[in-house]
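Heads up, data.csv below (CSV, C-alpha atoms):
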```csv
chain,number,residue,atom,x,y,z
A,1,MET,CA,0.0,0.0,0.0
A,2,SER,CA,2.5,2.5,-1.2
A,3,ASN,CA,0.0,5.4,-1.5
A,4,GLY,CA,-1.1,5.3,2.1
A,5,SER,CA,1.0,8.3,3.1
A,6,SER,CA,-0.5,10.6,0.4
A,7,ILE,CA,-4.1,9.9,1.4
A,8,SER,CA,-5.1,9.6,5.0
A,9,GLN,CA,-8.9,9.4,4.5
A,10,PHE,CA,-11.5,9.0,1.8
A,11,LEU,CA,-14.8,10.8,1.3
A,12,LEU,CA,-17.8,8.6,0.8
A,13,LEU,CA,-20.9,9.4,-1.3
A,14,PRO,CA,-23.6,11.1,0.9
A,15,PHE,CA,-27.1,9.7,0.5
A,16,ALA,CA,-28.7,13.1,0.3
A,17,ASP,CA,-28.0,16.8,0.5
A,18,THR,CA,-30.7,17.7,3.0
A,19,ARG,CA,-30.7,16.8,6.6
A,20,GLN,CA,-34.2,15.3,6.5
A,21,LEU,CA,-33.4,12.9,3.7
A,22,GLN,CA,-30.2,11.9,5.5
A,23,LEU,CA,-32.1,10.9,8.6
A,24,LEU,CA,-34.7,9.1,6.4
A,25,HIS,CA,-31.8,7.0,4.9
A,26,PHE,CA,-30.5,6.4,8.4
A,27,CYS,CA,-33.9,5.1,9.5
A,28,LEU,CA,-34.3,2.9,6.4
A,29,PHE,CA,-30.8,1.4,6.7
A,30,LEU,CA,-31.4,0.9,10.5
A,31,GLY,CA,-34.6,-1.1,9.7
A,32,ILE,CA,-32.8,-3.3,7.2
A,33,TYR,CA,-29.9,-3.8,9.5
A,34,LEU,CA,-32.0,-4.7,12.5
A,35,ALA,CA,-34.0,-7.1,10.3
A,36,ALA,CA,-30.8,-8.8,9.2
A,37,LEU,CA,-29.5,-9.0,12.7
A,38,LEU,CA,-32.8,-10.5,14.0
A,39,GLY,CA,-33.3,-13.0,11.2
A,40,ASN,CA,-29.7,-14.3,11.0
A,41,GLY,CA,-29.3,-14.2,14.7
A,42,LEU,CA,-32.4,-16.3,15.3
A,43,ILE,CA,-31.2,-18.8,12.7
A,44,ILE,CA,-27.7,-19.1,14.3
A,45,THR,CA,-29.1,-19.4,17.8
A,46,THR,CA,-31.8,-21.9,16.8
A,47,ILE,CA,-29.5,-24.2,14.9
A,48,ALA,CA,-26.8,-24.1,17.6
A,49,TRP,CA,-29.3,-24.8,20.4
A,50,HIS,CA,-31.5,-27.6,18.9
A,51,HIS,CA,-29.5,-30.8,18.4
A,52,HIS,CA,-32.1,-32.2,15.9
A,53,LEU,CA,-31.1,-29.4,13.5
A,54,HIS,CA,-27.4,-30.4,13.5
A,55,THR,CA,-27.5,-31.6,9.9
A,56,PRO,CA,-25.4,-30.8,6.8
A,57,MET,CA,-27.8,-28.3,5.3
A,58,CYS,CA,-28.5,-26.5,8.6
A,59,PHE,CA,-24.7,-26.4,9.1
A,60,PHE,CA,-24.4,-24.6,5.8
A,61,LEU,CA,-27.3,-22.3,6.7
A,62,LEU,CA,-25.6,-21.4,10.0
A,63,SER,CA,-22.4,-20.6,8.1
A,64,LEU,CA,-24.3,-18.5,5.6
A,65,SER,CA,-26.0,-16.5,8.4
A,66,VAL,CA,-22.6,-15.8,10.0
A,67,LEU,CA,-21.3,-14.5,6.6
A,68,ASP,CA,-24.5,-12.4,6.0
A,69,LEU,CA,-24.1,-10.8,9.4
A,70,GLY,CA,-20.5,-10.0,8.7
A,71,SER,CA,-21.1,-8.6,5.2
A,72,ILE,CA,-23.9,-6.2,6.2
A,73,SER,CA,-22.0,-5.1,9.3
A,74,THR,CA,-19.0,-4.2,7.1
A,75,THR,CA,-20.9,-1.4,5.2
A,76,VAL,CA,-24.2,-0.5,6.8
A,77,PRO,CA,-23.2,0.7,10.3
A,78,LYS,CA,-20.6,3.1,8.8
A,79,ALA,CA,-23.2,4.4,6.3
A,80,MET,CA,-25.7,4.9,9.1
A,81,ALA,CA,-23.1,6.7,11.2
A,82,ASN,CA,-22.2,9.1,8.4
A,83,SER,CA,-25.9,9.9,7.7
A,84,PHE,CA,-26.6,10.4,11.4
A,85,TRP,CA,-23.6,12.6,12.1
A,86,ASP,CA,-23.7,14.4,8.7
A,87,THR,CA,-20.2,13.3,7.7
A,88,THR,CA,-18.7,11.4,4.8
A,89,SER,CA,-15.2,10.5,5.9
A,90,ILE,CA,-13.6,7.1,6.3
A,91,SER,CA,-10.0,6.5,7.2
A,92,TYR,CA,-7.6,4.9,4.7
A,93,THR,CA,-7.2,1.9,6.9
A,94,GLY,CA,-11.0,1.6,7.4
A,95,CYS,CA,-11.5,1.8,3.6
A,96,ALA,CA,-8.9,-1.0,3.1
A,97,ALA,CA,-10.6,-3.1,5.8
A,98,GLN,CA,-14.0,-2.6,4.1
A,99,VAL,CA,-12.7,-3.8,0.7
A,100,PHE,CA,-11.0,-6.8,2.2
A,101,LEU,CA,-13.9,-7.9,4.5
A,102,LEU,CA,-16.6,-7.3,1.8
A,103,PHE,CA,-14.7,-9.4,-0.8
A,104,PHE,CA,-13.9,-12.0,1.8
A,105,LEU,CA,-17.4,-12.4,3.2
A,106,LEU,CA,-19.3,-12.1,-0.1
A,107,GLY,CA,-16.8,-14.4,-1.9
A,108,ALA,CA,-17.1,-17.1,0.8
A,109,GLU,CA,-20.9,-16.7,0.8
A,110,TYR,CA,-21.1,-17.3,-3.0
A,111,PHE,CA,-18.9,-20.4,-2.8
A,112,LEU,CA,-21.0,-21.6,0.1
A,113,LEU,CA,-24.2,-21.1,-2.0
A,114,ILE,CA,-22.6,-23.4,-4.6
A,115,VAL,CA,-21.9,-26.0,-1.9
A,116,MET,CA,-25.6,-25.8,-0.8
A,117,ALA,CA,-26.7,-26.4,-4.4
A,118,TYR,CA,-24.4,-29.5,-4.5
A,119,ASP,CA,-26.1,-30.7,-1.2
A,120,ARG,CA,-29.5,-30.4,-2.9
A,121,TYR,CA,-28.3,-32.3,-5.9
A,122,VAL,CA,-26.9,-35.2,-3.9
A,123,ALA,CA,-30.0,-35.3,-1.6
A,124,ILE,CA,-32.5,-35.5,-4.5
A,125,CYS,CA,-30.6,-37.2,-7.3
A,126,GLN,CA,-28.2,-39.5,-5.3
A,127,PRO,CA,-30.0,-40.1,-2.0
A,128,LEU,CA,-28.4,-43.5,-1.4
A,129,HIS,CA,-24.9,-41.9,-1.5
A,130,TYR,CA,-25.8,-38.9,0.6
A,131,GLY,CA,-24.3,-40.1,3.9
A,132,THR,CA,-21.0,-41.0,2.1
A,133,LEU,CA,-20.6,-37.8,0.0
A,134,LEU,CA,-21.8,-35.3,2.7
A,135,GLY,CA,-20.6,-36.7,6.0
A,136,SER,CA,-19.7,-34.3,8.8
A,137,ARG,CA,-16.0,-34.2,7.8
A,138,ALA,CA,-16.9,-33.6,4.1
A,139,CYS,CA,-19.2,-30.7,5.1
A,140,ALA,CA,-16.5,-29.2,7.3
A,141,HIS,CA,-14.0,-29.4,4.5
A,142,MET,CA,-16.3,-27.8,2.0
A,143,ALA,CA,-17.2,-25.0,4.3
A,144,ALA,CA,-13.6,-24.4,5.1
A,145,ALA,CA,-12.7,-24.4,1.4
A,146,ALA,CA,-15.4,-21.7,0.8
A,147,TRP,CA,-14.1,-19.5,3.5
A,148,ALA,CA,-10.5,-20.0,2.4
A,149,SER,CA,-11.4,-19.2,-1.2
A,150,GLY,CA,-13.0,-16.0,-0.2
A,151,PHE,CA,-10.1,-15.0,2.0
A,152,LEU,CA,-7.5,-15.5,-0.7
A,153,ASN,CA,-9.6,-13.7,-3.3
A,154,ALA,CA,-10.1,-10.8,-0.9
A,155,LEU,CA,-6.4,-10.6,0.0
A,156,LEU,CA,-5.4,-10.5,-3.7
A,157,HIS,CA,-7.9,-7.7,-4.6
A,158,MET,CA,-7.2,-5.6,-1.5
A,159,ALA,CA,-3.4,-5.8,-1.9
A,160,ASN,CA,-3.5,-5.0,-5.6
A,161,THR,CA,-6.0,-2.1,-5.3
A,162,PHE,CA,-4.3,-0.3,-2.5
A,163,SER,CA,-0.9,-0.7,-4.1
A,164,VAL,CA,-2.1,1.5,-7.0
A,165,PRO,CA,-0.9,5.2,-6.7
A,166,LEU,CA,-3.9,7.6,-6.2
A,167,CYS,CA,-3.7,11.2,-7.4
A,168,GLN,CA,-7.3,12.0,-8.5
A,169,GLY,CA,-8.5,13.2,-5.1
A,170,ASN,CA,-10.0,11.2,-2.3
A,171,ALA,CA,-13.8,11.3,-3.1
A,172,VAL,CA,-15.2,7.8,-3.5
A,173,GLY,CA,-18.5,7.9,-5.5
A,174,GLN,CA,-20.2,5.2,-3.3
A,175,PHE,CA,-21.5,4.9,0.2
A,176,PHE,CA,-18.8,2.4,1.0
A,177,CYS,CA,-15.3,1.7,-0.4
A,178,GLU,CA,-15.9,-0.2,-3.6
A,179,ILE,CA,-12.9,-1.1,-5.9
A,180,PRO,CA,-14.1,0.4,-9.2
A,181,HIS,CA,-14.6,3.8,-7.5
A,182,ILE,CA,-11.2,3.6,-5.8
A,183,LEU,CA,-9.6,2.8,-9.1
A,184,LYS,CA,-11.1,5.9,-10.6
A,185,LEU,CA,-8.6,7.8,-8.4
A,186,SER,CA,-5.6,6.0,-9.9
A,187,CYS,CA,-2.7,7.9,-11.4
A,188,SER,CA,-1.6,5.0,-13.6
A,189,HIS,CA,-3.7,3.5,-16.3
A,190,SER,CA,-1.7,0.3,-16.4
A,191,ASP,CA,-2.2,-0.3,-12.7
A,192,TYR,CA,-5.9,0.4,-13.2
A,193,LEU,CA,-6.1,-2.2,-16.1
A,194,ARG,CA,-4.2,-4.8,-13.9
A,195,GLU,CA,-6.8,-4.7,-11.2
A,196,VAL,CA,-9.6,-4.8,-13.8
A,197,GLY,CA,-7.9,-7.9,-15.3
A,198,PHE,CA,-8.0,-9.5,-11.8
A,199,LEU,CA,-11.7,-8.6,-11.5
A,200,LEU,CA,-12.3,-10.2,-14.9
A,201,VAL,CA,-10.6,-13.4,-13.9
A,202,SER,CA,-12.6,-13.5,-10.7
A,203,ALA,CA,-15.8,-12.9,-12.6
A,204,CYS,CA,-15.0,-15.8,-15.0
A,205,LEU,CA,-14.3,-18.1,-12.0
A,206,LEU,CA,-17.6,-17.1,-10.4
A,207,PHE,CA,-19.4,-17.7,-13.7
A,208,LEU,CA,-18.0,-21.2,-14.0
A,209,CYS,CA,-19.2,-22.0,-10.6
A,210,PHE,CA,-22.6,-20.6,-11.6
A,211,ILE,CA,-22.7,-23.0,-14.6
A,212,PHE,CA,-22.0,-25.8,-12.2
A,213,LEU,CA,-25.0,-24.6,-10.1
A,214,VAL,CA,-27.3,-24.4,-13.1
A,215,VAL,CA,-26.3,-27.9,-14.3
A,216,SER,CA,-27.0,-29.2,-10.8
A,217,TYR,CA,-30.5,-27.6,-10.8
A,218,VAL,CA,-31.2,-28.9,-14.2
A,219,GLU,CA,-30.6,-32.4,-12.9
A,220,ILE,CA,-32.7,-31.7,-9.8
A,221,PHE,CA,-35.6,-30.4,-11.9
A,222,ARG,CA,-35.4,-33.4,-14.2
A,223,ALA,CA,-35.6,-35.7,-11.2
A,224,VAL,CA,-38.4,-33.7,-9.6
A,225,LEU,CA,-40.5,-33.7,-12.8
A,226,ARG,CA,-40.4,-37.5,-12.9
A,227,SER,CA,-42.0,-37.6,-9.4
A,228,PRO,CA,-45.7,-38.6,-9.4
A,229,SER,CA,-46.2,-36.5,-6.2
A,230,GLN,CA,-47.6,-33.0,-6.9
A,231,GLN,CA,-46.8,-32.0,-3.3
A,232,GLY,CA,-43.2,-33.2,-3.7
A,233,ARG,CA,-42.8,-31.2,-6.9
A,234,HIS,CA,-44.2,-28.1,-5.2
A,235,LYS,CA,-41.8,-28.5,-2.2
A,236,ALA,CA,-38.8,-28.9,-4.5
A,237,PHE,CA,-39.6,-25.9,-6.7
A,238,SER,CA,-40.5,-23.7,-3.7
A,239,THR,CA,-37.0,-24.3,-2.2
A,240,CYS,CA,-34.8,-24.6,-5.2
A,241,LEU,CA,-36.1,-21.8,-7.4
A,242,PRO,CA,-35.7,-19.1,-4.7
A,243,HIS,CA,-32.1,-20.3,-4.1
A,244,LEU,CA,-31.4,-20.1,-7.9
A,245,THR,CA,-33.0,-16.7,-8.0
A,246,VAL,CA,-30.9,-15.3,-5.1
A,247,VAL,CA,-27.7,-16.6,-6.5
A,248,SER,CA,-28.5,-15.2,-10.0
A,249,LEU,CA,-29.3,-11.8,-8.5
A,250,PHE,CA,-26.3,-11.8,-6.3
A,251,LEU,CA,-23.9,-12.8,-9.1
A,252,SER,CA,-25.3,-10.5,-11.8
A,253,THR,CA,-25.4,-7.3,-9.6
A,254,GLY,CA,-22.0,-8.0,-8.1
A,255,ILE,CA,-20.3,-8.5,-11.5
A,256,PHE,CA,-22.2,-5.5,-12.9
A,257,ALA,CA,-21.2,-3.2,-10.0
A,258,ASN,CA,-17.5,-4.1,-10.4
A,259,LEU,CA,-17.2,-4.4,-14.2
A,260,LYS,CA,-19.8,-2.0,-15.7
A,261,PRO,CA,-18.5,0.4,-18.3
A,262,PRO,CA,-17.7,3.9,-17.0
A,263,SER,CA,-19.9,5.4,-19.7
A,264,ILE,CA,-23.1,4.1,-18.1
A,265,SER,CA,-22.0,4.8,-14.5
A,266,SER,CA,-24.1,7.2,-12.5
A,267,PRO,CA,-24.4,7.8,-8.7
A,268,SER,CA,-28.0,6.7,-8.6
A,269,LEU,CA,-27.4,3.5,-10.6
A,270,ASP,CA,-24.3,2.7,-8.6
A,271,LEU,CA,-26.2,3.1,-5.4
A,272,VAL,CA,-29.1,0.9,-6.4
A,273,VAL,CA,-26.8,-1.9,-7.7
A,274,SER,CA,-24.6,-1.9,-4.6
A,275,VAL,CA,-27.6,-2.0,-2.3
A,276,LEU,CA,-29.0,-5.0,-4.2
A,277,TYR,CA,-25.9,-7.1,-3.8
A,278,SER,CA,-24.5,-5.9,-0.4
A,279,VAL,CA,-27.4,-4.7,1.7
A,280,VAL,CA,-30.7,-6.4,0.7
A,281,PRO,CA,-29.6,-10.1,0.5
A,282,PRO,CA,-28.5,-10.5,4.2
A,283,ALA,CA,-32.0,-9.2,5.3
A,284,VAL,CA,-34.1,-11.4,3.0
A,285,LYS,CA,-32.1,-14.6,2.9
A,286,PRO,CA,-33.4,-15.8,6.3
A,287,LEU,CA,-36.9,-15.7,4.9
A,288,ILE,CA,-35.9,-17.4,1.7
A,289,TYR,CA,-33.7,-20.2,3.0
A,290,SER,CA,-34.7,-20.8,6.6
A,291,LEU,CA,-37.8,-19.3,8.1
A,292,ARG,CA,-39.9,-20.9,5.4
A,293,ASN,CA,-38.8,-24.3,6.7
A,294,GLN,CA,-41.2,-26.0,9.0
A,295,ASP,CA,-38.6,-27.5,11.3
A,296,LEU,CA,-36.9,-24.2,11.9
A,297,LYS,CA,-40.2,-22.4,12.5
A,298,ASP,CA,-41.2,-25.1,14.9
A,299,ALA,CA,-37.9,-24.8,16.7
A,300,LEU,CA,-38.4,-21.0,16.9
A,301,ARG,CA,-41.8,-21.5,18.5
A,302,LYS,CA,-40.2,-23.9,20.9
A,303,VAL,CA,-42.4,-26.7,19.7
A,304,LYS,CA,-41.3,-30.3,20.6
A,305,PRO,CA,-39.0,-31.5,17.8
A,306,TRP,CA,-40.4,-33.9,15.3
A,307,ASN,CA,-38.0,-36.7,16.1
A,308,TRP,CA,-38.9,-36.6,19.8
A,309,SER,CA,-42.6,-37.0,19.1
A,310,HIS,CA,-41.9,-40.1,17.1
A,311,GLY,CA,-39.6,-41.6,19.7
A,312,TYR,CA,-36.3,-41.0,18.0
A,313,SER,CA,-33.3,-39.9,19.9
A,314,GLN,CA,-31.2,-36.9,19.0
A,315,ASN,CA,-28.3,-39.3,18.2
A,316,HIS,CA,-30.2,-40.2,15.0
A,317,SER,CA,-30.4,-36.6,13.7
A,318,PHE,CA,-28.0,-37.2,10.8
A,319,ASN,CA,-29.8,-40.4,9.7
A,320,ARG,CA,-33.0,-38.6,9.8
A,321,TYR,CA,-31.6,-35.9,7.6
A,322,VAL,CA,-30.6,-38.4,5.0
A,323,LYS,CA,-34.2,-39.8,5.0
A,324,ASP,CA,-36.1,-36.6,5.5
A,325,SER,CA,-33.8,-33.7,4.3
A,326,ILE,CA,-34.7,-31.6,7.3
A,327,CYS,CA,-34.0,-28.2,6.1
A,328,TRP,CA,-35.2,-28.4,2.5
A,329,GLY,CA,-38.3,-30.7,2.6
A,330,LYS,CA,-38.3,-34.4,2.0
A,331,GLN,CA,-35.6,-35.7,-0.2
A,332,SER,CA,-36.0,-38.3,-3.0
A,333,GLN,CA,-37.3,-41.8,-2.1
A,334,TRP,CA,-36.9,-44.4,-4.8
A,335,ASP,CA,-38.9,-47.2,-3.3
A,336,ASN,CA,-40.9,-49.2,-5.7
A,337,GLY,CA,-39.8,-47.0,-8.5
A,338,THR,CA,-41.5,-43.8,-7.2
A,339,MET,CA,-40.0,-40.7,-5.9
A,340,GLU,CA,-41.2,-38.2,-3.4
A,341,VAL,CA,-39.3,-34.9,-2.9
```
Mind turning this structure into structure tokens?
Amino acid sequence: MSNGSSISQFLLLPFADTRQLQLLHFCLFLGIYLAALLGNGLIITTIAWHHHLHTPMCFFLLSLSVLDLGSISTTVPKAMANSFWDTTSISYTGCAAQVFLLFFLLGAEYFLLIVMAYDRYVAICQPLHYGTLLGSRACAHMAAAAWASGFLNALLHMANTFSVPLCQGNAVGQFFCEIPHILKLSCSHSDYLREVGFLLVSACLLFLCFIFLVVSYVEIFRAVLRSPSQQGRHKAFSTCLPHLTVVSLFLSTGIFANLKPPSISSPSLDLVVSVLYSVVPPAVKPLIYSLRNQDLKDALRKVKPWNWSHGYSQNHSFNRYVKDSICWGKQSQWDNGTMEV
């Protein structure tokens, strides 16, 4: 970070010029932030507390909630503080930390979403191999790989971005430190293109992972459509389609925000796109992935767990998941040539 001595702080984009609108934006972001804290906090607490939810998919949901809390806490509290105190400054170190943490947490989150899609594929298309392919050790390794991938990706982009000399002022045209807006302050066009090249490579990698996700869901939908159970098809589509929609929105807005042509850039467009990929998802994912699930809703209401009422012990929770797919509805059953999802 050779240019740290020339710039001690950055100026972020204010939400509005008038005090009333600044306070309105503060209240709006406060509501979204509290919703994210409440939803994700309930999921983490519920899964950690109830042993019958200690299953592979719920483990991934817990990790996803932790990442969501981290990502929204990286940007929104600072934006709220700036609106409330009518300021726009952020320190150089704070800006670098925002870039690193946001790339780390969002990158790990995206790879974890791919792992969750793989979990659905195995549960529905290869149910007899589920216990082998997604045992506790395999789940821990896949989650660790997702976090490590996000960390390495974030370290690369943060180090490269803040090694670029900056001489075009210190005004960042965004409410948080975003790489494209920092690169606009660059003195060197070659350094600018180098980081853009890294962003393109990362985007290609993310797109390849997205292709894997789409292929997995094509196989899932093919298996589901062969099911004679209308209720089973409804359950599968009601859980898989929102997942695919969230991943598509997350990937498209993230890539567009970081690689859009400067000719179509505008403060209002940049603000909307950034909010769509960095602020809104952590608040709505609990509803999409978890709170729609009957087991988690029952646990939140402190209703006796399903496996207790049927005389099962908590030691059979993993086996129950293989048979029932707790967190995503019943998984495939191939008895007598029929399938129920």
- For atom CA of A:Asn160 and atom CA of A:Leu259, the interatomic separation in Å (one decimal):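 A separation of 16.2 Å between them.
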- Message: as a list in words, please: the residues near stretch 278-282 of chain A (cut-off 6 Å, only C-alpha atoms, same-chain neighbours under 5 positions excluded).
- Response: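 So the residues in contact are Ala36, Asp68 and Ile72 of chain A.
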Just the selected residues (C-alpha atoms), exported as a PDB file, in the coordinates of the input, please.
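File result_38.pdb, as written:
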```
ATOM      1  CA  ALA A  36     -30.800  -8.800   9.200  1.00  0.00           C
ATOM      2  CA  ASP A  68     -24.500 -12.400   6.000  1.00  0.00           C
ATOM      3  CA  ILE A  72     -23.900  -6.200   6.200  1.00  0.00           C
TER       4      ILE A  72
END
```
- With only C-alpha atoms as the basis for distance, which of A:Phe10, A:Tyr289, A:Cys209, A:Leu200 is at the shortest distance from A:Ser238? A:Tyr289
- Message: Rounded to one decimal, what separation in Å do you get between atom CA of A:Leu21 and atom CA of A:Thr87?
- Response: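 Between atom CA of A:Leu21 and atom CA of A:Thr87 the gap is 13.8 Å.
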Selection near A:Lys260, 10 Å with all atoms listed in the file, sequence-local residues under 5 positions removed, as a PDB file with C-alpha atoms, in the frame of the given file:
```pdb
ATOM      1  CA  PRO A 180     -14.100   0.400  -9.200  1.00  0.00           C
ATOM      2  CA  THR A 253     -25.400  -7.300  -9.600  1.00  0.00           C
ATOM      3  CA  GLY A 254     -22.000  -8.000  -8.100  1.00  0.00           C
ATOM      4  CA  ILE A 255     -20.300  -8.500 -11.500  1.00  0.00           C
ATOM      5  CA  SER A 265     -22.000   4.800 -14.500  1.00  0.00           C
ATOM      6  CA  ASP A 270     -24.300   2.700  -8.600  1.00  0.00           C
TER       7      ASP A 270
END
```
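Note that the spacing between atom CA of A:Lys78 and atom CA of A:Val284 amounts to 20.6 Å.
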- Query: Once you count only C-alpha atoms, which residues end up no further than 12 Å from (-24.5, -27.7, 5.3) in the file's frame, shown as a PyMOL selection string?
  - Reply: chain A and resi 47+53-65+112-120+123+134-144+146+318+321+325-328
- Item | Sel. within 12 Å of pt (-8.0, 0.2, -14.8), counting all atoms listed in the file, output as a PyMOL selection string | chain A and resi 160-161+164-165+179-200+258-259+261-262
I need the chosen residues saved as a CSV table (one decimal), in the coordinates of the input, with C-alpha atoms.
```
chain,number,residue,atom,x,y,z
A,160,ASN,CA,-3.5,-5.0,-5.6
A,161,THR,CA,-6.0,-2.1,-5.3
A,164,VAL,CA,-2.1,1.5,-7.0
A,165,PRO,CA,-0.9,5.2,-6.7
A,179,ILE,CA,-12.9,-1.1,-5.9
A,180,PRO,CA,-14.1,0.4,-9.2
A,181,HIS,CA,-14.6,3.8,-7.5
A,182,ILE,CA,-11.2,3.6,-5.8
A,183,LEU,CA,-9.6,2.8,-9.1
A,184,LYS,CA,-11.1,5.9,-10.6
A,185,LEU,CA,-8.6,7.8,-8.4
A,186,SER,CA,-5.6,6.0,-9.9
A,187,CYS,CA,-2.7,7.9,-11.4
A,188,SER,CA,-1.6,5.0,-13.6
A,189,HIS,CA,-3.7,3.5,-16.3
A,190,SER,CA,-1.7,0.3,-16.4
A,191,ASP,CA,-2.2,-0.3,-12.7
A,192,TYR,CA,-5.9,0.4,-13.2
A,193,LEU,CA,-6.1,-2.2,-16.1
A,194,ARG,CA,-4.2,-4.8,-13.9
A,195,GLU,CA,-6.8,-4.7,-11.2
A,196,VAL,CA,-9.6,-4.8,-13.8
A,197,GLY,CA,-7.9,-7.9,-15.3
A,198,PHE,CA,-8.0,-9.5,-11.8
A,199,LEU,CA,-11.7,-8.6,-11.5
A,200,LEU,CA,-12.3,-10.2,-14.9
A,258,ASN,CA,-17.5,-4.1,-10.4
A,259,LEU,CA,-17.2,-4.4,-14.2
A,261,PRO,CA,-18.5,0.4,-18.3
A,262,PRO,CA,-17.7,3.9,-17.0
```
- Looking at only C-alpha atoms, which of A:Thr46, A:Thr75, A:Ser89, A:Gln98 is the one that sits closest to A:Leu155? A:Gln98
- Task: Can you work out which one of A:His157, A:Lys235, A:His52, A:Lys285 has the shortest atom-to-atom distance to A:Ala96, counting only C-alpha atoms?
- Result: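 Residue with the minimum atom-to-atom distance to A:Ala96: A:His157.
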- Can you list, as a list in words, every protein, DNA or RNA residue that comes within 10 Å of A:Cys27 when you count only C-alpha atoms, leaving out same-chain residues fewer than 6 positions away? Leu21, Tyr33, Met80, Ser83 and Phe84 of chain A
- Between A:Asn153, A:Gln168, A:Thr132, A:Ser71, which one has atoms that come closest to A:Ser6, using only C-alpha atoms?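 Distance minimum relative to A:Ser6 lands on A:Gln168.
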Hey, which bits of stretch 61-124 of chain A sit within 10 Å of stretch 202-207 of chain A, and for each residue what's the closest pair of atoms and how far apart in Å (one decimal), counting only C-alpha atoms, rows by chain and increasing number, as CSV?
```
residue,atom,partner,partner_atom,distance
A:Gly107,CA,A:Leu206,CA,9.0
A:Tyr110,CA,A:Leu206,CA,8.2
A:Phe111,CA,A:Leu206,CA,8.4
A:Ile114,CA,A:Leu206,CA,9.9
```
Contacts of A:Phe26 at 12 Å or less, counting all atoms listed in the file, minus same-chain residues fewer than 3 places along, as an mmCIF file with C-alpha atoms, keeping the file's coordinate frame?
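Dumped everything to part_29.cif:
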```cif
data_model
loop_
_atom_site.group_PDB
_atom_site.id
_atom_site.type_symbol
_atom_site.label_atom_id
_atom_site.label_comp_id
_atom_site.auth_asym_id
_atom_site.auth_seq_id
_atom_site.Cartn_x
_atom_site.Cartn_y
_atom_site.Cartn_z
ATOM 1 C CA PRO A 14 -23.600 11.100 0.900
ATOM 2 C CA PHE A 15 -27.100 9.700 0.500
ATOM 3 C CA ALA A 16 -28.700 13.100 0.300
ATOM 4 C CA ARG A 19 -30.700 16.800 6.600
ATOM 5 C CA GLN A 20 -34.200 15.300 6.500
ATOM 6 C CA LEU A 21 -33.400 12.900 3.700
ATOM 7 C CA GLN A 22 -30.200 11.900 5.500
ATOM 8 C CA LEU A 23 -32.100 10.900 8.600
ATOM 9 C CA PHE A 29 -30.800 1.400 6.700
ATOM 10 C CA LEU A 30 -31.400 0.900 10.500
ATOM 11 C CA GLY A 31 -34.600 -1.100 9.700
ATOM 12 C CA ILE A 32 -32.800 -3.300 7.200
ATOM 13 C CA TYR A 33 -29.900 -3.800 9.500
ATOM 14 C CA LEU A 34 -32.000 -4.700 12.500
ATOM 15 C CA VAL A 76 -24.200 -0.500 6.800
ATOM 16 C CA PRO A 77 -23.200 0.700 10.300
ATOM 17 C CA LYS A 78 -20.600 3.100 8.800
ATOM 18 C CA ALA A 79 -23.200 4.400 6.300
ATOM 19 C CA MET A 80 -25.700 4.900 9.100
ATOM 20 C CA ALA A 81 -23.100 6.700 11.200
ATOM 21 C CA ASN A 82 -22.200 9.100 8.400
ATOM 22 C CA SER A 83 -25.900 9.900 7.700
ATOM 23 C CA PHE A 84 -26.600 10.400 11.400
ATOM 24 C CA TRP A 85 -23.600 12.600 12.100
ATOM 25 C CA ASP A 86 -23.700 14.400 8.700
#
```
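Around A:Val246, within 9 Å and counting all atoms listed in the file, the residues found are Leu241, Pro242, His243, Leu249, Phe250, Leu251, Pro281, Lys285 and Ile288 of chain A, once anything fewer than 3 positions away on its own chain is removed.
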Keeping only C-alpha atoms, write the selected residues to a file as a PDB file, keeping the file's coordinate frame.
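File again_12.pdb, as written:
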```
ATOM      1  CA  LEU A 241     -36.100 -21.800  -7.400  1.00  0.00           C
ATOM      2  CA  PRO A 242     -35.700 -19.100  -4.700  1.00  0.00           C
ATOM      3  CA  HIS A 243     -32.100 -20.300  -4.100  1.00  0.00           C
ATOM      4  CA  LEU A 249     -29.300 -11.800  -8.500  1.00  0.00           C
ATOM      5  CA  PHE A 250     -26.300 -11.800  -6.300  1.00  0.00           C
ATOM      6  CA  LEU A 251     -23.900 -12.800  -9.100  1.00  0.00           C
ATOM      7  CA  PRO A 281     -29.600 -10.100   0.500  1.00  0.00           C
ATOM      8  CA  LYS A 285     -32.100 -14.600   2.900  1.00  0.00           C
ATOM      9  CA  ILE A 288     -35.900 -17.400   1.700  1.00  0.00           C
TER      10      ILE A 288
END
```
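For the choices A:Val214, A:Glu219, A:Pro267, A:Leu42, the atom-to-atom distance to A:Pro286 is smallest for A:Leu42 when using all atoms listed in the file.
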